[in-house]
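As structure tokens, the structure follows; a few thoughts come after it.
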Amino acid sequence: MAAFVNAWAICAPASAASEKFGLEYRVERSDAGKLSVPECLKVAESASSRIGYVAANRQIYPGKLAVFASGPKAGGGSLTVYCIAVDRKTAYVVQALDYNRQQSSAARRAADAVHTALSIASR
């Protein structure tokens with residue numbers, strides 16, 4: 001829970017309270033032998049950088065959880081990726097927010113790009 005609070009606090013400007021914000025989620029799980037929590041974090045960081053996002057926070061709880069938060073250079077949104085160890089699986093949650101628009105194509109593209117990179121890495 002503390003990881004969520006810390007990542008959110010860094011990425012969420014005051015405008016996040018607006019009623020007009022877009023939220024996109026992608027959730028998957030993979031065999032941990034194909035995608036470990038550290039590898040999930042590495043892929044999320046790389047994919048975020050490729051779409052032009054700037055890293056804001058990175059937290060690792062060895063053997064359990066990794067959290068990575070980033071956002072567009074100009075602000076107005078955030079991307080948070082949770083890589084979670086569950087039994088012999090690695091679950092990953094990609095959360096993209098656009099603080100200015102509902103049903104945001106920018107949030108959708110960010111979530112899709114990072115989710116796709118993680119899906120490819122888990123094959």
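Residue numbering restarts at 1 in every chain; chains get A, B, ... in the order shown in the structure tokens, and ligands count up from 1 in that same order.
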
Test item, helix (DSSP H, G or I) assignment across stretch 18-54 of chain A, answer as a short mmCIF file (atom, residue, chain, number, x, y, z; two decimals) with C-alpha atoms, in the first residue's frame:
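out-v2.cif, freshly written:
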data_model
loop_
_atom_site.label_atom_id
_atom_site.label_comp_id
_atom_site.auth_asym_id
_atom_site.auth_seq_id
_atom_site.Cartn_x
_atom_site.Cartn_y
_atom_site.Cartn_z
CA VAL A 37 9.41 -9.05 -11.30
CA PRO A 38 12.84 -7.43 -11.95
CA GLU A 39 12.49 -8.04 -15.70
CA CYS A 40 8.94 -6.65 -15.64
CA LEU A 41 10.26 -3.47 -14.02
CA LYS A 42 13.05 -3.18 -16.59
CA VAL A 43 10.64 -3.60 -19.52
CA ALA A 44 8.19 -1.07 -18.03
CA GLU A 45 10.94 1.51 -17.60
CA SER A 46 12.22 0.99 -21.14
CA ALA A 47 8.75 1.11 -22.74
CA SER A 48 7.88 4.25 -20.77
CA SER A 49 11.05 5.94 -21.95
CA ARG A 50 10.34 4.96 -25.58
#

| request: For A:Arg58, please output as number ranges by chain all residues within 9 Å (counting only C-alpha atoms; exclusion window: fewer than 3 positions along the same chain). | output: A: 7, 41, 55, 66-70

Counting only C-alpha atoms, what is within 10 Å of A:Gln102, bar same-chain residues fewer than 3 positions away, as a PDB file with N, CA, C and O atoms, in the first residue's frame?
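Saved the output as around-v1.pdb:
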ATOM      1  N   GLU A  19     -13.019  16.336 -12.506  1.00  0.00           N
ATOM      2  CA  GLU A  19     -13.966  15.297 -12.906  1.00  0.00           C
ATOM      3  C   GLU A  19     -13.678  14.799 -14.310  1.00  0.00           C
ATOM      4  O   GLU A  19     -14.176  13.767 -14.712  1.00  0.00           O
ATOM      5  N   LYS A  20     -12.890  15.533 -15.066  1.00  0.00           N
ATOM      6  CA  LYS A  20     -12.608  15.181 -16.447  1.00  0.00           C
ATOM      7  C   LYS A  20     -11.213  14.587 -16.572  1.00  0.00           C
ATOM      8  O   LYS A  20     -10.277  15.244 -17.024  1.00  0.00           O
ATOM      9  N   PHE A  21     -11.064  13.348 -16.139  1.00  0.00           N
ATOM     10  CA  PHE A  21      -9.781  12.691 -16.323  1.00  0.00           C
ATOM     11  C   PHE A  21     -10.007  11.327 -16.946  1.00  0.00           C
ATOM     12  O   PHE A  21     -11.045  10.703 -16.771  1.00  0.00           O
ATOM     13  N   GLY A  22      -9.005  10.904 -17.728  1.00  0.00           N
ATOM     14  CA  GLY A  22      -9.079   9.613 -18.390  1.00  0.00           C
ATOM     15  C   GLY A  22      -8.243   8.601 -17.645  1.00  0.00           C
ATOM     16  O   GLY A  22      -7.151   8.907 -17.176  1.00  0.00           O
ATOM     17  N   LEU A  23      -8.752   7.395 -17.532  1.00  0.00           N
ATOM     18  CA  LEU A  23      -8.065   6.325 -16.828  1.00  0.00           C
ATOM     19  C   LEU A  23      -8.092   5.078 -17.690  1.00  0.00           C
ATOM     20  O   LEU A  23      -9.154   4.682 -18.190  1.00  0.00           O
ATOM     21  N   LEU A  97      -3.081   7.581 -16.716  1.00  0.00           N
ATOM     22  CA  LEU A  97      -4.048   8.641 -16.447  1.00  0.00           C
ATOM     23  C   LEU A  97      -3.746   9.859 -17.301  1.00  0.00           C
ATOM     24  O   LEU A  97      -2.592  10.193 -17.533  1.00  0.00           O
ATOM     25  N   ASP A  98      -4.802  10.497 -17.766  1.00  0.00           N
ATOM     26  CA  ASP A  98      -4.710  11.806 -18.416  1.00  0.00           C
ATOM     27  C   ASP A  98      -5.554  12.716 -17.542  1.00  0.00           C
ATOM     28  O   ASP A  98      -6.761  12.491 -17.387  1.00  0.00           O
ATOM     29  N   TYR A  99      -4.936  13.723 -16.953  1.00  0.00           N
ATOM     30  CA  TYR A  99      -5.634  14.572 -15.994  1.00  0.00           C
ATOM     31  C   TYR A  99      -6.534  15.608 -16.646  1.00  0.00           C
ATOM     32  O   TYR A  99      -7.234  16.340 -15.955  1.00  0.00           O
ATOM     33  N   SER A 105      -7.225   9.415 -25.567  1.00  0.00           N
ATOM     34  CA  SER A 105      -6.433   8.608 -26.492  1.00  0.00           C
ATOM     35  C   SER A 105      -4.976   8.572 -26.039  1.00  0.00           C
ATOM     36  O   SER A 105      -4.281   7.572 -26.258  1.00  0.00           O
ATOM     37  N   ALA A 107      -3.862   8.470 -22.868  1.00  0.00           N
ATOM     38  CA  ALA A 107      -3.785   7.458 -21.815  1.00  0.00           C
ATOM     39  C   ALA A 107      -3.900   6.063 -22.420  1.00  0.00           C
ATOM     40  O   ALA A 107      -3.176   5.146 -22.030  1.00  0.00           O
TER      41      ALA A 107
END

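For the set A:Gly71, A:Ile51, A:Gly63, A:Gly77, the residue with the smallest atom-to-atom gap to A:Asn100 is A:Gly77, counting only C-alpha atoms.
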
A:Ala106 proximity check over A:Leu35, A:Leu79, A:Glu28, A:Ser122, using only C-alpha atoms: winner is A:Leu79

What separates atom CA of A:Ala121 and atom CA of A:Gln103 is a distance of 27.5 Å

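For the set A:Val86, A:Gly76, A:Ala91, A:Lys34, the residue with the smallest atom-to-atom gap to A:Ser104 is A:Gly76, counting only C-alpha atoms.
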
Among A:Asp112, A:Arg101, A:Tyr25, A:Asp31, A:Tyr82 is approached most closely, using only C-alpha atoms, by A:Tyr25

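Going from atom CA of A:Val114 over to atom CA of A:Ala85, you cover 18.4 Å.
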
Within 7 Å of A:His115, counting only C-alpha atoms, which residues qualify if same-chain residues fewer than 3 places away don't, as a list in words? Arg26, Val94, Ala111, Asp112, Leu118 and Ser119 of chain A

Can you write just those residues out, C-alpha atoms, as a compact mmCIF listing (two decimals), in the first residue's frame?
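The resulting file, selection38.txt, is reproduced below:
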# COMPACT_ATOMS: atom_id res chain seq x y z
CA ARG A 26 -4.27 -3.19 -18.49
CA VAL A 94 -0.46 -0.84 -16.16
CA ALA A 111 -1.22 1.92 -21.50
CA ASP A 112 -1.24 -0.04 -24.76
CA LEU A 118 5.35 -6.49 -21.26
CA SER A 119 3.27 -9.01 -23.22

Restricting to only C-alpha atoms, whichever of A:Gln59, A:Glu24, A:Cys83, A:Ser36 is closest to A:Arg109 is A:Glu24

Output as a PDB file with N, CA and C atoms, in the first residue's frame all residues of chain A that backbone DSSP marks as strand (DSSP E or B).
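Now in states36.pdb:
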ATOM      1  N   GLY A  22      -9.005  10.904 -17.728  1.00  0.00           N
ATOM      2  CA  GLY A  22      -9.079   9.613 -18.390  1.00  0.00           C
ATOM      3  C   GLY A  22      -8.243   8.601 -17.645  1.00  0.00           C
ATOM      4  N   LEU A  23      -8.752   7.395 -17.532  1.00  0.00           N
ATOM      5  CA  LEU A  23      -8.065   6.325 -16.828  1.00  0.00           C
ATOM      6  C   LEU A  23      -8.092   5.078 -17.690  1.00  0.00           C
ATOM      7  N   GLU A  24      -6.936   4.477 -17.883  1.00  0.00           N
ATOM      8  CA  GLU A  24      -6.820   3.232 -18.634  1.00  0.00           C
ATOM      9  C   GLU A  24      -6.065   2.218 -17.784  1.00  0.00           C
ATOM     10  N   TYR A  25      -6.555   0.989 -17.758  1.00  0.00           N
ATOM     11  CA  TYR A  25      -5.897  -0.106 -17.048  1.00  0.00           C
ATOM     12  C   TYR A  25      -5.651  -1.262 -18.000  1.00  0.00           C
ATOM     13  N   ARG A  26      -4.541  -1.924 -17.823  1.00  0.00           N
ATOM     14  CA  ARG A  26      -4.268  -3.192 -18.485  1.00  0.00           C
ATOM     15  C   ARG A  26      -3.731  -4.115 -17.397  1.00  0.00           C
ATOM     16  N   VAL A  27      -4.270  -5.316 -17.287  1.00  0.00           N
ATOM     17  CA  VAL A  27      -3.859  -6.269 -16.256  1.00  0.00           C
ATOM     18  C   VAL A  27      -3.601  -7.614 -16.914  1.00  0.00           C
ATOM     19  N   GLU A  28      -2.465  -8.205 -16.613  1.00  0.00           N
ATOM     20  CA  GLU A  28      -2.100  -9.522 -17.151  1.00  0.00           C
ATOM     21  C   GLU A  28      -1.304 -10.278 -16.100  1.00  0.00           C
ATOM     22  N   ARG A  29      -1.085 -11.533 -16.385  1.00  0.00           N
ATOM     23  CA  ARG A  29      -0.155 -12.320 -15.579  1.00  0.00           C
ATOM     24  C   ARG A  29       0.615 -13.235 -16.514  1.00  0.00           C
ATOM     25  N   SER A  30       1.805 -13.578 -16.091  1.00  0.00           N
ATOM     26  CA  SER A  30       2.689 -14.385 -16.910  1.00  0.00           C
ATOM     27  C   SER A  30       3.434 -15.365 -16.015  1.00  0.00           C
ATOM     28  N   ASP A  31       3.931 -16.417 -16.608  1.00  0.00           N
ATOM     29  CA  ASP A  31       4.772 -17.352 -15.886  1.00  0.00           C
ATOM     30  C   ASP A  31       6.023 -16.608 -15.416  1.00  0.00           C
ATOM     31  N   TYR A  53       8.060   9.302 -21.875  1.00  0.00           N
ATOM     32  CA  TYR A  53       7.731   9.599 -20.492  1.00  0.00           C
ATOM     33  C   TYR A  53       9.009   9.699 -19.660  1.00  0.00           C
ATOM     34  N   VAL A  54       8.935  10.475 -18.596  1.00  0.00           N
ATOM     35  CA  VAL A  54      10.058  10.702 -17.706  1.00  0.00           C
ATOM     36  C   VAL A  54       9.798   9.966 -16.392  1.00  0.00           C
ATOM     37  N   ALA A  55      10.794   9.231 -15.928  1.00  0.00           N
ATOM     38  CA  ALA A  55      10.654   8.477 -14.678  1.00  0.00           C
ATOM     39  C   ALA A  55      10.457   9.416 -13.498  1.00  0.00           C
ATOM     40  N   ALA A  56       9.537   9.047 -12.610  1.00  0.00           N
ATOM     41  CA  ALA A  56       9.258   9.847 -11.420  1.00  0.00           C
ATOM     42  C   ALA A  56       9.576   9.084 -10.138  1.00  0.00           C
ATOM     43  N   ASN A  57       9.374   7.770 -10.156  1.00  0.00           N
ATOM     44  CA  ASN A  57       9.558   6.986  -8.940  1.00  0.00           C
ATOM     45  C   ASN A  57       9.754   5.521  -9.307  1.00  0.00           C
ATOM     46  N   ARG A  58      10.566   4.858  -8.507  1.00  0.00           N
ATOM     47  CA  ARG A  58      10.854   3.434  -8.713  1.00  0.00           C
ATOM     48  C   ARG A  58      11.050   2.828  -7.329  1.00  0.00           C
ATOM     49  N   GLN A  59      10.253   1.818  -7.006  1.00  0.00           N
ATOM     50  CA  GLN A  59      10.383   1.162  -5.714  1.00  0.00           C
ATOM     51  C   GLN A  59      10.374  -0.338  -5.918  1.00  0.00           C
ATOM     52  N   ILE A  60      11.238  -1.017  -5.164  1.00  0.00           N
ATOM     53  CA  ILE A  60      11.351  -2.466  -5.280  1.00  0.00           C
ATOM     54  C   ILE A  60      11.236  -3.090  -3.895  1.00  0.00           C
ATOM     55  N   TYR A  61      10.396  -4.092  -3.815  1.00  0.00           N
ATOM     56  CA  TYR A  61      10.260  -4.908  -2.621  1.00  0.00           C
ATOM     57  C   TYR A  61      10.645  -6.313  -3.063  1.00  0.00           C
ATOM     58  N   LEU A  65       7.264  -7.234  -5.084  1.00  0.00           N
ATOM     59  CA  LEU A  65       6.623  -6.145  -5.807  1.00  0.00           C
ATOM     60  C   LEU A  65       7.651  -5.155  -6.332  1.00  0.00           C
ATOM     61  N   ALA A  66       7.375  -4.613  -7.507  1.00  0.00           N
ATOM     62  CA  ALA A  66       8.124  -3.469  -8.034  1.00  0.00           C
ATOM     63  C   ALA A  66       7.091  -2.484  -8.562  1.00  0.00           C
ATOM     64  N   VAL A  67       7.314  -1.204  -8.310  1.00  0.00           N
ATOM     65  CA  VAL A  67       6.406  -0.153  -8.753  1.00  0.00           C
ATOM     66  C   VAL A  67       7.225   0.882  -9.510  1.00  0.00           C
ATOM     67  N   PHE A  68       6.725   1.256 -10.671  1.00  0.00           N
ATOM     68  CA  PHE A  68       7.404   2.265 -11.484  1.00  0.00           C
ATOM     69  C   PHE A  68       6.383   3.311 -11.896  1.00  0.00           C
ATOM     70  N   ALA A  69       6.726   4.572 -11.681  1.00  0.00           N
ATOM     71  CA  ALA A  69       5.836   5.667 -12.056  1.00  0.00           C
ATOM     72  C   ALA A  69       6.585   6.632 -12.963  1.00  0.00           C
ATOM     73  N   SER A  70       5.877   7.113 -13.985  1.00  0.00           N
ATOM     74  CA  SER A  70       6.462   8.072 -14.918  1.00  0.00           C
ATOM     75  C   SER A  70       5.333   8.938 -15.469  1.00  0.00           C
ATOM     76  N   GLY A  71       5.711   9.888 -16.306  1.00  0.00           N
ATOM     77  CA  GLY A  71       4.697  10.744 -16.903  1.00  0.00           C
ATOM     78  C   GLY A  71       5.258  11.530 -18.065  1.00  0.00           C
ATOM     79  N   PRO A  72       4.377  12.146 -18.835  1.00  0.00           N
ATOM     80  CA  PRO A  72       4.819  12.953 -19.969  1.00  0.00           C
ATOM     81  C   PRO A  72       5.676  14.130 -19.501  1.00  0.00           C
ATOM     82  N   GLY A  77      -0.403  14.018 -17.046  1.00  0.00           N
ATOM     83  CA  GLY A  77      -0.765  12.612 -16.980  1.00  0.00           C
ATOM     84  C   GLY A  77       0.247  11.833 -16.180  1.00  0.00           C
ATOM     85  N   SER A  78      -0.003  10.546 -16.040  1.00  0.00           N
ATOM     86  CA  SER A  78       0.932   9.668 -15.348  1.00  0.00           C
ATOM     87  C   SER A  78       0.751   8.244 -15.838  1.00  0.00           C
ATOM     88  N   LEU A  79       1.790   7.470 -15.613  1.00  0.00           N
ATOM     89  CA  LEU A  79       1.785   6.046 -15.928  1.00  0.00           C
ATOM     90  C   LEU A  79       2.387   5.335 -14.727  1.00  0.00           C
ATOM     91  N   THR A  80       1.680   4.379 -14.181  1.00  0.00           N
ATOM     92  CA  THR A  80       2.187   3.596 -13.069  1.00  0.00           C
ATOM     93  C   THR A  80       2.078   2.128 -13.441  1.00  0.00           C
ATOM     94  N   VAL A  81       3.169   1.393 -13.223  1.00  0.00           N
ATOM     95  CA  VAL A  81       3.194  -0.037 -13.507  1.00  0.00           C
ATOM     96  C   VAL A  81       3.540  -0.762 -12.222  1.00  0.00           C
ATOM     97  N   TYR A  82       2.721  -1.760 -11.897  1.00  0.00           N
ATOM     98  CA  TYR A  82       2.941  -2.614 -10.744  1.00  0.00           C
ATOM     99  C   TYR A  82       3.318  -3.991 -11.259  1.00  0.00           C
ATOM    100  N   CYS A  83       4.452  -4.520 -10.820  1.00  0.00           N
ATOM    101  CA  CYS A  83       4.877  -5.882 -11.139  1.00  0.00           C
ATOM    102  C   CYS A  83       4.817  -6.659  -9.829  1.00  0.00           C
ATOM    103  N   ILE A  84       3.986  -7.698  -9.790  1.00  0.00           N
ATOM    104  CA  ILE A  84       3.659  -8.353  -8.533  1.00  0.00           C
ATOM    105  C   ILE A  84       3.944  -9.847  -8.630  1.00  0.00           C
ATOM    106  N   ALA A  85       4.699 -10.376  -7.678  1.00  0.00           N
ATOM    107  CA  ALA A  85       4.966 -11.815  -7.606  1.00  0.00           C
ATOM    108  C   ALA A  85       3.785 -12.495  -6.926  1.00  0.00           C
ATOM    109  N   VAL A  86       3.188 -13.471  -7.625  1.00  0.00           N
ATOM    110  CA  VAL A  86       2.064 -14.222  -7.088  1.00  0.00           C
ATOM    111  C   VAL A  86       2.298 -15.692  -7.417  1.00  0.00           C
ATOM    112  N   LYS A  89       3.781 -16.864 -10.714  1.00  0.00           N
ATOM    113  CA  LYS A  89       3.363 -15.917 -11.757  1.00  0.00           C
ATOM    114  C   LYS A  89       3.893 -14.526 -11.442  1.00  0.00           C
ATOM    115  N   THR A  90       3.995 -13.738 -12.482  1.00  0.00           N
ATOM    116  CA  THR A  90       4.232 -12.308 -12.333  1.00  0.00           C
ATOM    117  C   THR A  90       3.003 -11.621 -12.902  1.00  0.00           C
ATOM    118  N   ALA A  91       2.293 -10.931 -12.049  1.00  0.00           N
ATOM    119  CA  ALA A  91       1.140 -10.148 -12.501  1.00  0.00           C
ATOM    120  C   ALA A  91       1.635  -8.734 -12.744  1.00  0.00           C
ATOM    121  N   TYR A  92       1.109  -8.109 -13.792  1.00  0.00           N
ATOM    122  CA  TYR A  92       1.456  -6.711 -14.015  1.00  0.00           C
ATOM    123  C   TYR A  92       0.211  -5.907 -14.313  1.00  0.00           C
ATOM    124  N   VAL A  93       0.192  -4.732 -13.688  1.00  0.00           N
ATOM    125  CA  VAL A  93      -0.914  -3.791 -13.827  1.00  0.00           C
ATOM    126  C   VAL A  93      -0.332  -2.508 -14.407  1.00  0.00           C
ATOM    127  N   VAL A  94      -0.888  -2.084 -15.523  1.00  0.00           N
ATOM    128  CA  VAL A  94      -0.465  -0.842 -16.164  1.00  0.00           C
ATOM    129  C   VAL A  94      -1.615   0.145 -16.001  1.00  0.00           C
ATOM    130  N   GLN A  95      -1.338   1.272 -15.385  1.00  0.00           N
ATOM    131  CA  GLN A  95      -2.362   2.280 -15.128  1.00  0.00           C
ATOM    132  C   GLN A  95      -1.907   3.595 -15.755  1.00  0.00           C
ATOM    133  N   ALA A  96      -2.662   4.106 -16.700  1.00  0.00           N
ATOM    134  CA  ALA A  96      -2.337   5.382 -17.345  1.00  0.00           C
ATOM    135  C   ALA A  96      -3.461   6.370 -17.076  1.00  0.00           C
ATOM    136  N   LEU A  97      -3.081   7.581 -16.716  1.00  0.00           N
ATOM    137  CA  LEU A  97      -4.048   8.641 -16.447  1.00  0.00           C
ATOM    138  C   LEU A  97      -3.746   9.859 -17.301  1.00  0.00           C
ATOM    139  N   ASP A  98      -4.802  10.497 -17.766  1.00  0.00           N
ATOM    140  CA  ASP A  98      -4.710  11.806 -18.416  1.00  0.00           C
ATOM    141  C   ASP A  98      -5.554  12.716 -17.542  1.00  0.00           C
TER     142      ASP A  98
END
